[in-house]
Each structure stands twice: as structure tokens, then as C-alpha cells.
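For reference, run_18.cif (mmCIF, C-alpha atoms and all ligand atoms):
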data_protein
#
loop_
_atom_site.label_atom_id
_atom_site.label_comp_id
_atom_site.auth_asym_id
_atom_site.auth_seq_id
_atom_site.Cartn_x
_atom_site.Cartn_y
_atom_site.Cartn_z
CA MET A 362 32.86 2.30 0.55
CA PRO A 363 30.93 3.64 3.54
CA ARG A 364 29.20 1.01 5.65
CA LEU A 365 25.49 0.61 4.86
CA ALA A 366 22.87 1.85 7.28
CA ALA A 367 21.54 -0.92 9.50
CA ARG A 368 17.97 -0.28 8.32
CA LEU A 369 18.87 -1.34 4.80
CA THR A 370 19.80 -4.81 5.96
CA SER A 371 16.43 -5.15 7.71
CA PHE A 372 14.54 -4.75 4.41
CA PRO A 373 13.09 -7.86 2.83
CA ASP A 374 13.77 -8.34 -0.90
CA TYR A 375 11.24 -6.54 -3.09
CA PRO A 376 8.92 -9.23 -4.54
CA LEU A 377 9.33 -8.31 -8.22
CA ALA A 378 12.91 -7.06 -8.06
CA HIS A 379 14.57 -9.84 -10.07
CA VAL A 380 11.79 -10.26 -12.67
CA PRO A 381 12.76 -7.65 -15.32
CA ALA A 382 16.26 -9.13 -15.78
CA LYS A 383 14.92 -12.70 -15.98
CA LYS A 384 12.24 -11.62 -18.43
CA ARG A 385 14.83 -9.98 -20.69
CA ALA A 386 16.87 -13.18 -20.66
CA LEU A 387 13.82 -15.29 -21.59
CA LEU A 388 12.88 -12.94 -24.45
CA ALA A 389 16.48 -13.01 -25.69
CA ARG A 390 16.18 -16.83 -25.83
CA GLY A 391 13.09 -16.39 -28.03
CA VAL A 392 10.66 -17.68 -25.39
CA ASP A 393 6.97 -16.74 -25.78
CA VAL A 394 6.75 -14.96 -22.42
CA ILE A 395 3.41 -14.38 -20.68
CA ASP A 396 4.06 -11.87 -17.94
CA LEU A 397 1.38 -11.94 -15.23
CA GLY A 398 3.69 -10.52 -12.58
CA ALA A 399 3.07 -6.84 -11.91
CA GLY A 400 -0.33 -5.19 -11.46
CA ASP A 401 0.19 -3.20 -14.61
CA ALA A 402 -2.41 -3.79 -17.33
CA ASP A 403 -1.80 -3.63 -21.09
CA LEU A 404 -4.70 -1.14 -21.44
CA ALA A 405 -4.87 2.52 -22.45
CA PRO A 406 -5.65 5.45 -20.13
CA PRO A 407 -8.71 7.64 -20.80
CA ALA A 408 -8.27 9.59 -24.07
CA ALA A 409 -9.19 12.78 -22.21
CA ALA A 410 -6.24 12.30 -19.84
CA VAL A 411 -3.85 11.94 -22.77
CA ALA A 412 -5.30 15.07 -24.42
CA ALA A 413 -4.99 17.01 -21.15
CA ILE A 414 -1.30 16.25 -20.69
CA LYS A 415 -0.61 17.19 -24.31
CA GLN A 416 -2.25 20.55 -23.77
CA ALA A 417 -0.42 21.07 -20.50
CA ALA A 418 2.92 20.41 -22.17
CA ASP A 419 2.39 23.54 -24.28
CA LYS A 420 1.90 25.72 -21.22
CA PRO A 421 5.15 26.71 -19.51
CA ALA A 422 3.26 27.61 -16.29
CA MET A 423 2.23 23.97 -15.93
CA GLY A 424 5.87 22.90 -15.98
CA ARG A 425 6.92 25.02 -13.04
CA TYR A 426 7.14 23.70 -9.49
CA GLY A 427 3.74 22.64 -8.25
CA PHE A 428 4.95 22.49 -4.64
CA GLY A 429 2.59 20.88 -2.15
CA ILE A 430 -0.44 22.80 -3.36
CA GLY A 431 -0.06 21.54 -6.94
CA HIS A 432 -2.77 22.07 -9.54
CA VAL A 433 -5.78 23.30 -7.55
CA PRO A 434 -8.42 21.90 -9.97
CA PHE A 435 -7.00 18.42 -9.20
CA ARG A 436 -7.70 18.90 -5.49
CA GLU A 437 -11.19 20.14 -6.34
CA ALA A 438 -11.88 17.19 -8.64
CA ILE A 439 -10.79 14.73 -5.93
CA SER A 440 -12.93 16.39 -3.30
CA ALA A 441 -16.01 16.41 -5.57
CA TRP A 442 -15.44 12.76 -6.60
CA MET A 443 -15.04 11.56 -2.99
CA GLN A 444 -18.34 13.26 -2.23
CA SER A 445 -20.26 11.84 -5.19
CA ARG A 446 -18.73 8.35 -5.01
CA PHE A 447 -18.70 7.78 -1.22
CA GLY A 448 -20.75 10.65 0.24
CA THR A 449 -17.70 11.85 2.19
CA LYS A 450 -16.69 15.52 2.50
CA PHE A 451 -13.08 16.67 2.33
CA ASP A 452 -11.89 20.24 1.99
CA PRO A 453 -9.88 20.41 -1.25
CA MET A 454 -7.17 22.67 0.15
CA THR A 455 -6.63 21.27 3.64
CA GLU A 456 -7.86 17.68 3.62
CA VAL A 457 -6.62 16.39 0.25
CA VAL A 458 -2.93 15.68 -0.42
CA PRO A 459 -1.94 15.09 -4.08
CA LEU A 460 0.69 12.35 -4.32
CA ILE A 461 3.34 11.12 -6.74
CA GLY A 462 1.46 7.82 -6.84
CA SER A 463 -0.20 6.54 -3.69
CA LYS A 464 2.85 4.40 -2.81
CA GLU A 465 4.85 7.51 -2.03
CA GLY A 466 2.27 8.80 0.46
CA ILE A 467 1.72 5.38 2.03
CA ALA A 468 5.45 5.13 2.76
CA HIS A 469 5.86 8.75 3.84
CA ILE A 470 2.97 8.88 6.31
CA ALA A 471 5.05 6.60 8.56
CA PHE A 472 7.58 9.41 9.08
CA GLY A 473 4.87 11.57 10.61
CA TYR A 474 3.67 9.03 13.15
CA LEU A 475 6.24 6.30 13.75
CA GLY A 476 9.62 6.25 15.48
CA ALA A 477 11.85 3.96 17.52
CA GLY A 478 9.83 1.86 19.98
CA ASP A 479 6.55 2.27 18.06
CA VAL A 480 4.76 -0.63 16.45
CA ALA A 481 2.86 -0.72 13.16
CA ILE A 482 0.58 -3.66 12.39
CA VAL A 483 1.51 -4.83 8.92
CA PRO A 484 -0.37 -7.58 7.06
CA GLU A 485 1.60 -10.20 5.13
CA PRO A 486 1.36 -10.77 2.20
CA ALA A 487 0.87 -7.10 1.40
CA TYR A 488 1.96 -4.18 -0.66
CA GLN A 489 5.55 -3.61 0.45
CA ALA A 490 5.23 0.11 1.16
CA TYR A 491 3.70 -0.67 4.58
CA VAL A 492 6.69 -2.58 5.90
CA GLY A 493 9.01 -0.25 3.97
CA GLY A 494 7.61 2.93 5.54
CA THR A 495 7.63 1.34 8.99
CA LEU A 496 11.28 0.25 8.75
CA LEU A 497 12.44 3.53 7.21
CA ALA A 498 10.82 5.36 10.13
CA GLY A 499 12.78 3.19 12.58
CA ALA A 500 9.67 1.54 14.00
CA THR A 501 8.86 -2.15 14.47
CA PRO A 502 6.45 -3.98 12.17
CA TYR A 503 4.14 -6.51 13.81
CA ILE A 504 3.57 -8.91 10.94
CA TYR A 505 0.09 -10.42 10.79
CA PRO A 506 -0.23 -13.31 8.29
CA LEU A 507 -3.27 -13.07 5.98
CA ARG A 508 -4.46 -16.66 5.64
CA PRO A 509 -7.72 -18.35 4.57
CA ARG A 510 -8.36 -19.09 8.29
CA THR A 511 -9.47 -15.45 8.84
CA ASN A 512 -10.73 -14.89 5.28
CA PHE A 513 -7.51 -12.92 4.76
CA LEU A 514 -8.59 -10.32 7.32
CA VAL A 515 -6.37 -8.97 10.11
CA ASP A 516 -8.19 -10.31 13.16
CA VAL A 517 -7.46 -7.50 15.59
CA ASP A 518 -8.58 -9.68 18.54
CA GLU A 519 -5.49 -11.82 17.93
CA ILE A 520 -3.00 -8.98 18.40
CA PRO A 521 -1.30 -9.45 21.80
CA ALA A 522 -2.25 -6.77 24.37
CA ASP A 523 1.35 -5.57 24.90
CA THR A 524 1.79 -5.14 21.11
CA LEU A 525 -1.48 -3.25 20.84
CA ALA A 526 -0.35 -0.93 23.64
CA ARG A 527 2.67 0.10 21.53
CA THR A 528 0.78 0.21 18.21
CA LYS A 529 0.48 3.60 16.56
CA VAL A 530 -0.38 2.61 13.00
CA LEU A 531 -2.52 -0.12 11.46
CA TYR A 532 -2.18 -0.68 7.71
CA LEU A 533 -5.21 -2.15 5.99
CA ASN A 534 -5.89 -2.73 2.31
CA TYR A 535 -9.31 -3.99 1.19
CA PRO A 536 -10.01 -4.86 -1.58
CA ASN A 537 -6.72 -6.59 -0.98
CA ASN A 538 -3.62 -7.02 -3.07
CA PRO A 539 -2.56 -9.83 -3.46
CA THR A 540 -5.27 -12.02 -1.91
CA SER A 541 -8.22 -10.20 -3.57
CA ALA A 542 -10.08 -10.46 -0.25
CA ILE A 543 -12.79 -7.93 0.52
CA ALA A 544 -13.72 -6.75 3.99
CA PRO A 545 -17.28 -7.03 5.33
CA SER A 546 -18.81 -3.82 6.69
CA ASP A 547 -19.06 -5.08 10.27
CA TYR A 548 -15.35 -5.90 10.19
CA LEU A 549 -14.42 -2.40 9.02
CA ALA A 550 -16.71 -0.82 11.61
CA LYS A 551 -15.03 -2.90 14.33
CA VAL A 552 -11.52 -1.96 13.21
CA VAL A 553 -12.42 1.73 13.20
CA ARG A 554 -13.80 1.40 16.75
CA LEU A 555 -10.57 -0.24 17.90
CA CYS A 556 -8.48 2.54 16.35
CA VAL A 557 -10.63 5.19 18.04
CA GLU A 558 -10.39 3.43 21.45
CA ARG A 559 -6.63 2.87 21.15
CA ASP A 560 -5.70 6.09 19.38
CA ILE A 561 -4.22 4.22 16.42
CA LEU A 562 -3.79 5.80 12.98
CA LEU A 563 -5.64 3.67 10.42
CA VAL A 564 -3.81 3.83 7.10
CA TYR A 565 -6.43 2.56 4.68
CA ASP A 566 -5.12 1.73 1.22
CA ASN A 567 -8.03 1.85 -1.22
CA ALA A 568 -6.12 1.50 -4.50
CA TYR A 569 -8.75 -0.96 -5.83
CA SER A 570 -11.87 0.96 -4.76
CA GLU A 571 -13.27 0.96 -8.31
CA PHE A 572 -12.83 -2.77 -8.88
CA GLY A 573 -16.10 -4.42 -7.94
CA PHE A 574 -17.61 -7.52 -9.58
CA ASP A 575 -20.80 -9.52 -9.19
CA GLY A 576 -22.53 -6.45 -7.74
CA TYR A 577 -19.89 -5.70 -5.09
CA VAL A 578 -19.11 -1.98 -4.57
CA PRO A 579 -16.07 -1.34 -2.36
CA PRO A 580 -16.61 1.31 0.34
CA SER A 581 -14.43 4.12 1.63
CA ILE A 582 -13.28 3.69 5.24
CA PHE A 583 -14.86 7.10 5.85
CA GLU A 584 -18.30 5.55 5.43
CA PHE A 585 -17.78 4.07 8.93
CA GLU A 586 -18.54 5.99 12.08
CA GLY A 587 -15.49 7.44 13.80
CA ALA A 588 -13.13 6.99 10.83
CA ARG A 589 -12.71 10.71 10.35
CA ASP A 590 -10.98 10.91 13.73
CA VAL A 591 -8.40 8.19 13.05
CA ALA A 592 -8.03 7.34 9.37
CA ILE A 593 -6.17 8.43 6.28
CA GLU A 594 -7.26 6.85 3.00
CA PHE A 595 -5.12 6.45 -0.10
CA HIS A 596 -6.36 6.43 -3.69
CA SER A 597 -4.65 6.08 -7.02
CA LEU A 598 -5.18 6.72 -10.73
CA SER A 599 -2.91 3.75 -11.46
CA LYS A 600 -5.27 0.80 -11.67
CA THR A 601 -8.68 2.46 -12.14
CA TYR A 602 -7.53 4.44 -15.17
CA ASN A 603 -4.58 2.30 -16.43
CA MET A 604 -2.17 5.09 -15.47
CA THR A 605 0.46 3.23 -13.43
CA GLY A 606 3.51 4.97 -14.84
CA TRP A 607 1.98 8.42 -14.64
CA ARG A 608 2.54 8.41 -10.86
CA CYS A 609 -0.51 10.15 -9.57
CA GLY A 610 -2.66 9.53 -6.52
CA TRP A 611 -3.95 11.24 -3.40
CA SER A 612 -4.82 10.90 0.25
CA VAL A 613 -7.82 12.20 2.14
CA ALA A 614 -8.02 12.72 5.90
CA LYS A 615 -9.02 15.39 8.36
CA LYS A 616 -6.84 18.49 8.33
CA GLU A 617 -4.73 17.50 11.37
CA ILE A 618 -3.65 14.25 9.70
CA SER A 619 -3.35 15.61 6.14
CA THR A 620 -1.09 18.40 7.38
CA VAL A 621 1.33 15.84 8.82
CA LEU A 622 1.76 14.06 5.47
CA ALA A 623 1.97 17.37 3.60
CA LYS A 624 4.72 18.52 5.98
CA VAL A 625 6.79 15.35 5.55
CA LYS A 626 6.46 15.76 1.79
CA THR A 627 7.76 19.36 1.79
CA PHE A 628 11.12 17.88 2.83
CA VAL A 629 11.30 15.09 0.27
CA ASP A 630 9.52 16.19 -2.92
CA THR A 631 8.02 19.14 -4.74
CA GLY A 632 4.87 17.57 -6.14
CA THR A 633 4.09 15.65 -9.29
CA TYR A 634 4.19 17.48 -12.67
CA MET A 635 1.09 19.68 -12.88
CA GLY A 636 0.39 18.41 -16.41
CA ILE A 637 -0.15 14.99 -14.87
CA GLN A 638 -2.45 16.48 -12.27
CA ALA A 639 -4.40 18.15 -15.11
CA ALA A 640 -4.63 14.70 -16.72
CA GLY A 641 -5.88 13.48 -13.35
CA VAL A 642 -8.70 16.04 -13.51
CA ALA A 643 -9.63 14.73 -16.97
CA ALA A 644 -9.43 11.10 -15.82
CA ILE A 645 -11.69 11.72 -12.84
CA ALA A 646 -14.11 13.63 -15.09
CA SER A 647 -14.26 10.53 -17.33
CA TRP A 648 -15.08 8.21 -14.38
CA LYS A 649 -18.75 7.57 -15.24
CA GLU A 650 -18.03 6.69 -18.84
CA PHE A 651 -14.53 5.16 -18.68
CA VAL A 652 -14.52 3.07 -15.50
CA PRO A 653 -17.47 0.73 -16.27
CA LYS A 654 -15.95 -0.08 -19.68
CA ASN A 655 -12.53 -0.65 -18.16
CA MET A 656 -13.95 -2.84 -15.41
CA ALA A 657 -15.87 -4.91 -17.98
CA ILE A 658 -12.49 -5.81 -19.52
CA PHE A 659 -11.08 -6.83 -16.12
CA ASP A 660 -14.28 -8.76 -15.40
CA GLU A 661 -13.92 -10.82 -18.57
CA ARG A 662 -10.29 -11.55 -17.69
CA ARG A 663 -11.22 -12.40 -14.10
CA LEU A 664 -13.76 -15.00 -15.20
CA ALA A 665 -11.45 -16.44 -17.85
CA ALA A 666 -8.51 -16.72 -15.44
CA THR A 667 -10.55 -18.26 -12.61
CA GLU A 668 -12.07 -20.87 -14.89
CA ALA A 669 -8.78 -21.64 -16.65
CA PHE A 670 -6.66 -22.05 -13.51
CA ARG A 671 -9.33 -24.25 -11.95
CA SER A 672 -9.47 -26.40 -15.09
CA ALA A 673 -5.69 -26.68 -14.96
CA GLY A 674 -5.91 -28.31 -11.52
CA PHE A 675 -5.56 -25.32 -9.19
CA SER A 676 -7.88 -24.15 -6.49
CA CYS A 677 -8.90 -20.49 -6.20
CA GLU A 678 -11.82 -18.32 -5.11
CA THR A 679 -13.58 -16.18 -7.73
CA PRO A 680 -12.39 -12.68 -6.74
CA LYS A 681 -15.05 -10.02 -6.15
CA SER A 682 -12.53 -7.23 -6.64
CA THR A 683 -8.97 -6.27 -7.72
CA MET A 684 -7.07 -7.47 -10.78
CA TYR A 685 -5.58 -10.57 -9.18
CA LEU A 686 -6.21 -14.25 -8.74
CA TRP A 687 -4.72 -15.65 -5.53
CA VAL A 688 -4.13 -19.24 -6.51
CA ALA A 689 -3.60 -21.95 -3.88
CA LEU A 690 -0.89 -24.54 -4.44
CA PRO A 691 -1.39 -28.11 -3.28
CA ASP A 692 0.35 -29.07 -0.02
CA GLY A 693 4.01 -29.78 -0.55
CA VAL A 694 4.41 -27.49 -3.58
CA PRO A 695 6.48 -24.48 -2.46
CA SER A 696 5.58 -21.26 -4.26
CA LYS A 697 9.06 -19.99 -5.13
CA PRO A 698 10.38 -23.15 -6.84
CA PHE A 699 7.01 -23.50 -8.59
CA ALA A 700 7.10 -19.91 -9.94
CA GLU A 701 10.76 -20.31 -10.88
CA LYS A 702 10.05 -23.49 -12.87
CA LEU A 703 6.99 -21.93 -14.49
CA MET A 704 9.12 -19.02 -15.65
CA GLU A 705 12.13 -21.09 -16.78
CA ASP A 706 10.30 -24.00 -18.43
CA GLU A 707 7.17 -22.29 -19.74
CA GLY A 708 7.92 -18.55 -19.88
CA VAL A 709 5.02 -17.62 -17.57
CA ILE A 710 5.74 -15.01 -14.93
CA VAL A 711 3.63 -15.07 -11.75
CA LEU A 712 4.37 -13.77 -8.29
CA PRO A 713 5.07 -16.53 -5.74
CA GLY A 714 3.32 -15.92 -2.42
CA ALA A 715 6.52 -16.52 -0.47
CA ALA A 716 8.08 -13.49 -2.17
CA PHE A 717 5.87 -11.46 0.19
CA GLY A 718 7.18 -13.42 3.21
CA ASP A 719 6.01 -16.59 4.96
CA GLY A 720 2.45 -15.25 5.21
CA GLY A 721 2.07 -15.67 1.45
CA GLU A 722 3.43 -19.23 1.19
CA GLY A 723 1.20 -21.79 -0.47
CA PHE A 724 -0.16 -19.35 -3.07
CA PHE A 725 0.83 -17.46 -6.20
CA ARG A 726 -0.62 -14.33 -7.73
CA VAL A 727 -1.85 -13.96 -11.29
CA SER A 728 -2.49 -10.43 -12.60
CA PHE A 729 -5.23 -9.80 -15.17
CA ILE A 730 -2.93 -7.72 -17.34
CA VAL A 731 -3.27 -9.62 -20.61
CA PRO A 732 -6.33 -10.73 -22.64
CA PRO A 733 -8.36 -13.86 -21.77
CA ASP A 734 -6.72 -16.12 -24.39
CA ARG A 735 -3.26 -15.41 -22.95
CA LEU A 736 -4.54 -16.04 -19.42
CA ARG A 737 -5.93 -19.39 -20.60
CA GLU A 738 -2.64 -20.28 -22.27
CA ALA A 739 -0.76 -19.33 -19.06
CA ALA A 740 -3.05 -21.56 -17.00
CA THR A 741 -2.46 -24.53 -19.31
CA ARG A 742 1.30 -24.05 -19.02
CA ALA A 743 1.00 -23.69 -15.22
CA GLY A 744 -0.97 -26.94 -15.08
CA ARG A 745 1.85 -28.70 -16.96
CA VAL A 746 4.39 -27.44 -14.43
CA LEU A 747 2.18 -28.43 -11.50
CA SER A 748 2.08 -32.02 -12.77
CA THR A 749 5.88 -32.21 -12.44
CA PHE A 750 5.71 -31.57 -8.67
CA GLU A 751 5.07 -34.29 -6.17
CA VAL A 752 1.88 -33.39 -4.33
CA LYS A 753 1.44 -34.48 -0.68
CA VAL A 754 -1.83 -36.31 -0.13
C1 LIG A 801 -2.45 -2.26 -2.62
C2 LIG A 801 -1.76 -1.23 -3.41
N1 LIG A 801 -1.62 -0.01 -2.92
C3 LIG A 801 -0.99 0.95 -3.58
C4 LIG A 801 -0.44 0.72 -4.81
C5 LIG A 801 0.36 1.81 -5.46
O1 LIG A 801 -0.21 2.47 -6.43
P1 LIG A 801 0.46 3.77 -7.05
O2 LIG A 801 0.79 3.41 -8.44
O3 LIG A 801 -0.59 4.82 -6.90
O4 LIG A 801 1.68 4.13 -6.25
C6 LIG A 801 -0.54 -0.54 -5.38
C7 LIG A 801 0.12 -0.85 -6.65
O5 LIG A 801 0.33 -1.97 -7.04
C8 LIG A 801 -1.21 -1.54 -4.66
O6 LIG A 801 -1.35 -2.78 -5.14
#
Now, as a test, write the supplied structure out as C-alpha cells.
Amino acid sequence: MPRLAARLTSFPDYPLAHVPAKKRALLARGVDVIDLGAGDADLAPPAAAVAAIKQAADKPAMGRYGFGIGHVPFREAISAWMQSRFGTKFDPMTEVVPLIGSKEGIAHIAFGYLGAGDVAIVPEPAYQAYVGGTLLAGATPYIYPLRPRTNFLVDVDEIPADTLARTKVLYLNYPNNPTSAIAPSDYLAKVVRLCVERDILLVYDNAYSEFGFDGYVPPSIFEFEGARDVAIEFHSLSKTYNMTGWRCGWSVAKKEISTVLAKVKTFVDTGTYMGIQAAGVAAIASWKEFVPKNMAIFDERRLAATEAFRSAGFSCETPKSTMYLWVALPDGVPSKPFAEKLMEDEGVIVLPGAAFGDGGEGFFRVSFIVPPDRLREAATRAGRVLSTFEVKV
């Protein structure tokens, strides 16, 4: 066997990698499994999206290579939606890049901007595509732990000056997975100013832009002055429209930045199936009607989960966005053994914070992907497991 590339050994384990096999084993044992692991809800996509892909399947032209351009109405729908939702203007042909899910673009943008000797600031815990893209590009991640101390924000004033001097990319994701933190406007304005001053590419992952509760409405980074010069923002159909497996998302940025991502992609893919992009057009067209109903379901789950995990003896903030509860564990209860025991003894799958690296230790993530009664049942079981651990006082 050929020797593995050195970069492979530098990868951390993927947080959910071992879960499917364990889950199969539990189900085979007849365990009543409650899977709250992945951010992948048990809900249906918009009916119009399903109808659109059915129609597209009958049209041979839709099944041909889309190449980078893809299905032009999808670009146009994205551009119009960005304008009506955030008041931001992007040219559909030169400033929008259709993606095979936003993860793909988030990882690939690194190839356009990062190389050996460059630094990317990567939050931890975080979506793994940031560290993945950075390592694949041969650059060095500067890991910044997201802890309650900074309200789970990357405090850019804490980045050492010599690291900042080598930094070419800053990855930010608010509303945040997994902590559910949101970023105040003055914070985002400050980060944009720093990126402008330092010539840093701001990779802004906005996968949860449509998840807002208790009156909170997440912004686009492009609502902040100067962002157009330095930022690329990623969006996804996955969570907003319950279309995770469809693999469809997009980026928006000024032409000079969009062209870089589009060029990288010409060497690694040929675009997502145009039938899926047509479904994307239909999904976006259903936004006004579909999204509030969908978010009402997540809202009900959010309130049920928060209340139930608190009643079961855990401490957690009520999230204002995303589909996750970031639950604190008492001192002395390590997240991996806790999650392992919860899965083995009670059949409940959660994501231990330490699976994201040390920055996530002391917490576990619950996804609102099942109805309220199942979330309540999961919390009760989690409380039982917690009582078997010795808590430091
Ligand atoms: C923060 C964040 N960004 C991006 C994604 C990827 O979404 P997509 O399905 O569009 O690749 C996810 C999915 O879990 C996510 O949590």
C-alpha cells in the first residue's frame, strides 16, 4: 500500500463518523433509539421543490452537465432573494456561485486563498469544513476556542499580533453551530473593519440565517460597511428547507472573490444536478409561505428541549437561533464518556462537545430533529445518566 499523505494524519476525527455504525448496532439490539446527533430534521421539504425535481427528471436537457453556470434561474432566484431578504445586491452571473451544498464551497474556497505558511483563524467547536479546508490547502489553522467567557464569539483582540500578520482567512459562523450563539451587530461591524484593515478574507457561514426566535432576525455580513470588499457568505437549502441530502447551496461575494471559488470548482466538480437547482428555485419561491411554518416547528422543539433538559438537571441558554441546544455539563463530567454512556445505556445519541476538539469540552449538542415528546423523553434519559456521574462541587 502506498504511504498516506502527511496531511491526512493531521486531520482530527470527524465528530459524527462513528455514530451510524453504533446506531445500527443499538437498533439491532432492539433499543428505542432517539438520535439527536446530526443537524438533519425529520421534516419534509417544500412540496413545490419536490414537484420541480419530478418535472425536471422528465427533461433530458436538465440532466446534462450544468458546469459552473448551472441552471440560470437558480442564480437569478438567489440574487433576488438576497436583495429582498437582506437588501444586498449581487449580480446573478458573476457574484453568485451555486454549490453542491455549502460545505463543498466552504472547504474549496481555502484552495483559492491559502497555502503553506498562511494562517486561517478557525473557531472551535465549529463546523469541520473550516479546519478541513485549511489543512487540505496546506495552511495552518489558528484554533480559537469558543467559550462562554466571550459569549462564544471569536474575540479578535486576543489573536496574537504575529498570527494576525500571517492570517489570510477568518472563518465565522453566526448564528453558530454548535453553540447556537448569535453575534451582536457591533461585533460583526468590528470584525469586518479588522478584515478590511488587515486584508483578510472573511468566510462567513450563514447556514442558519433563517432561524430566528423571540424576534431575532439574523443578518447577512453584507449588511455591514466594508464587507463587500473582504467577505464571501455561504448559504444553504439544507436546514431552512429540510433539504440536507439534496446538496444545494450557494455563495455570494464580489466578482473578484466569486471568480476564485468558481475557478477552483472547475477543477473538482461539474455542478449539482440542474433538477436540484430547479427545485432550489421552487424552494426559494416558497420562502414567504414555507419558512415561517417550518420555523414554528423548530421553535416548539426549541422550547420543549430547553425546558426538558433544564428540568433534567442540566444548564443551558435558550437559543435565539439554529436547531441546537448547547448543553453544559457539570464540572467533572467529561462530554465523551457522558455521550457514550447515554448512547449505550439509554439509546440517546447526542454530540459530545469534545468531539469538536478541546474547545467544545464541557458541553454536548442536542439537535431539534425529532418532535417535542421525543426530546422530552431524551432529556429524562439524559438526566438518569447524569445522576450516575460524580459531580465536582
Ligand atoms: C454551520 C454549518 N455550515 C454549513 C453546513 C453545511 O450545509 P450544507 O448541507 O449546505 O453543506 C452545516 C451543516 O450542518 C452547518 O452546520
(request) Please indicate the distance in Å from atom CA of A:Arg662 to atom O5 of ligand LIG 801 (chain A), rounded to one decimal place. (result) 17.8 Å
(request) Go through A:Tyr577, A:Phe725, A:Tyr602, A:Phe628 one by one, measure the shortest atom-to-atom distance of each to ligand LIG 801 (chain A) using only C-alpha atoms and all ligand atoms, and give the residue with the smallest value. (result)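 Looking at the shortest contact to ligand LIG 801 (chain A), the residue is A:Tyr602.
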(request) Could the residues that lie within 9 Å of ligand LIG 801 (chain A), counting only C-alpha atoms and all ligand atoms, be listed as a PyMOL selection string? (result) chain A and resi 399-401+460-467+487-490+534-539+566-569+595-600+604-611+683
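The nearest approach to A:Glu456 among the residues A:Asp419, A:Glu594, A:Glu705, A:Asp660, with only C-alpha atoms taken into account, belongs to A:Glu594.
The residue that comes closest to A:Pro459, out of A:Gly391, A:Pro486, A:Pro713, A:Gly632 and on the basis of all atoms listed in the file, is A:Gly632.
Distances here use all atoms listed in the file; by that measure, the residue among A:Ser748, A:Ser570, A:Thr679, A:Ser672 closest to A:Lys702 is A:Ser748.
Using all atoms listed in the file, the residues found no farther than 7 Å from A:Val457, other than those of its own chain fewer than 3 positions away, are A:Arg436, A:Phe451, A:Asp452, A:Pro453, A:Met454, A:Trp611, A:Ser612, A:Val613, A:Ala614, A:Ser619.
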Take the residues from that selection and put them in a file with C-alpha atoms, as a PDB file, keeping the file's coordinate frame.
ATOM      1  CA  ARG A 436      -7.700  18.900  -5.490  1.00  0.00           C
ATOM      2  CA  PHE A 451     -13.080  16.670   2.330  1.00  0.00           C
ATOM      3  CA  ASP A 452     -11.890  20.240   1.990  1.00  0.00           C
ATOM      4  CA  PRO A 453      -9.880  20.410  -1.250  1.00  0.00           C
ATOM      5  CA  MET A 454      -7.170  22.670   0.150  1.00  0.00           C
ATOM      6  CA  TRP A 611      -3.950  11.240  -3.400  1.00  0.00           C
ATOM      7  CA  SER A 612      -4.820  10.900   0.250  1.00  0.00           C
ATOM      8  CA  VAL A 613      -7.820  12.200   2.140  1.00  0.00           C
ATOM      9  CA  ALA A 614      -8.020  12.720   5.900  1.00  0.00           C
ATOM     10  CA  SER A 619      -3.350  15.610   6.140  1.00  0.00           C
TER      11      SER A 619
END
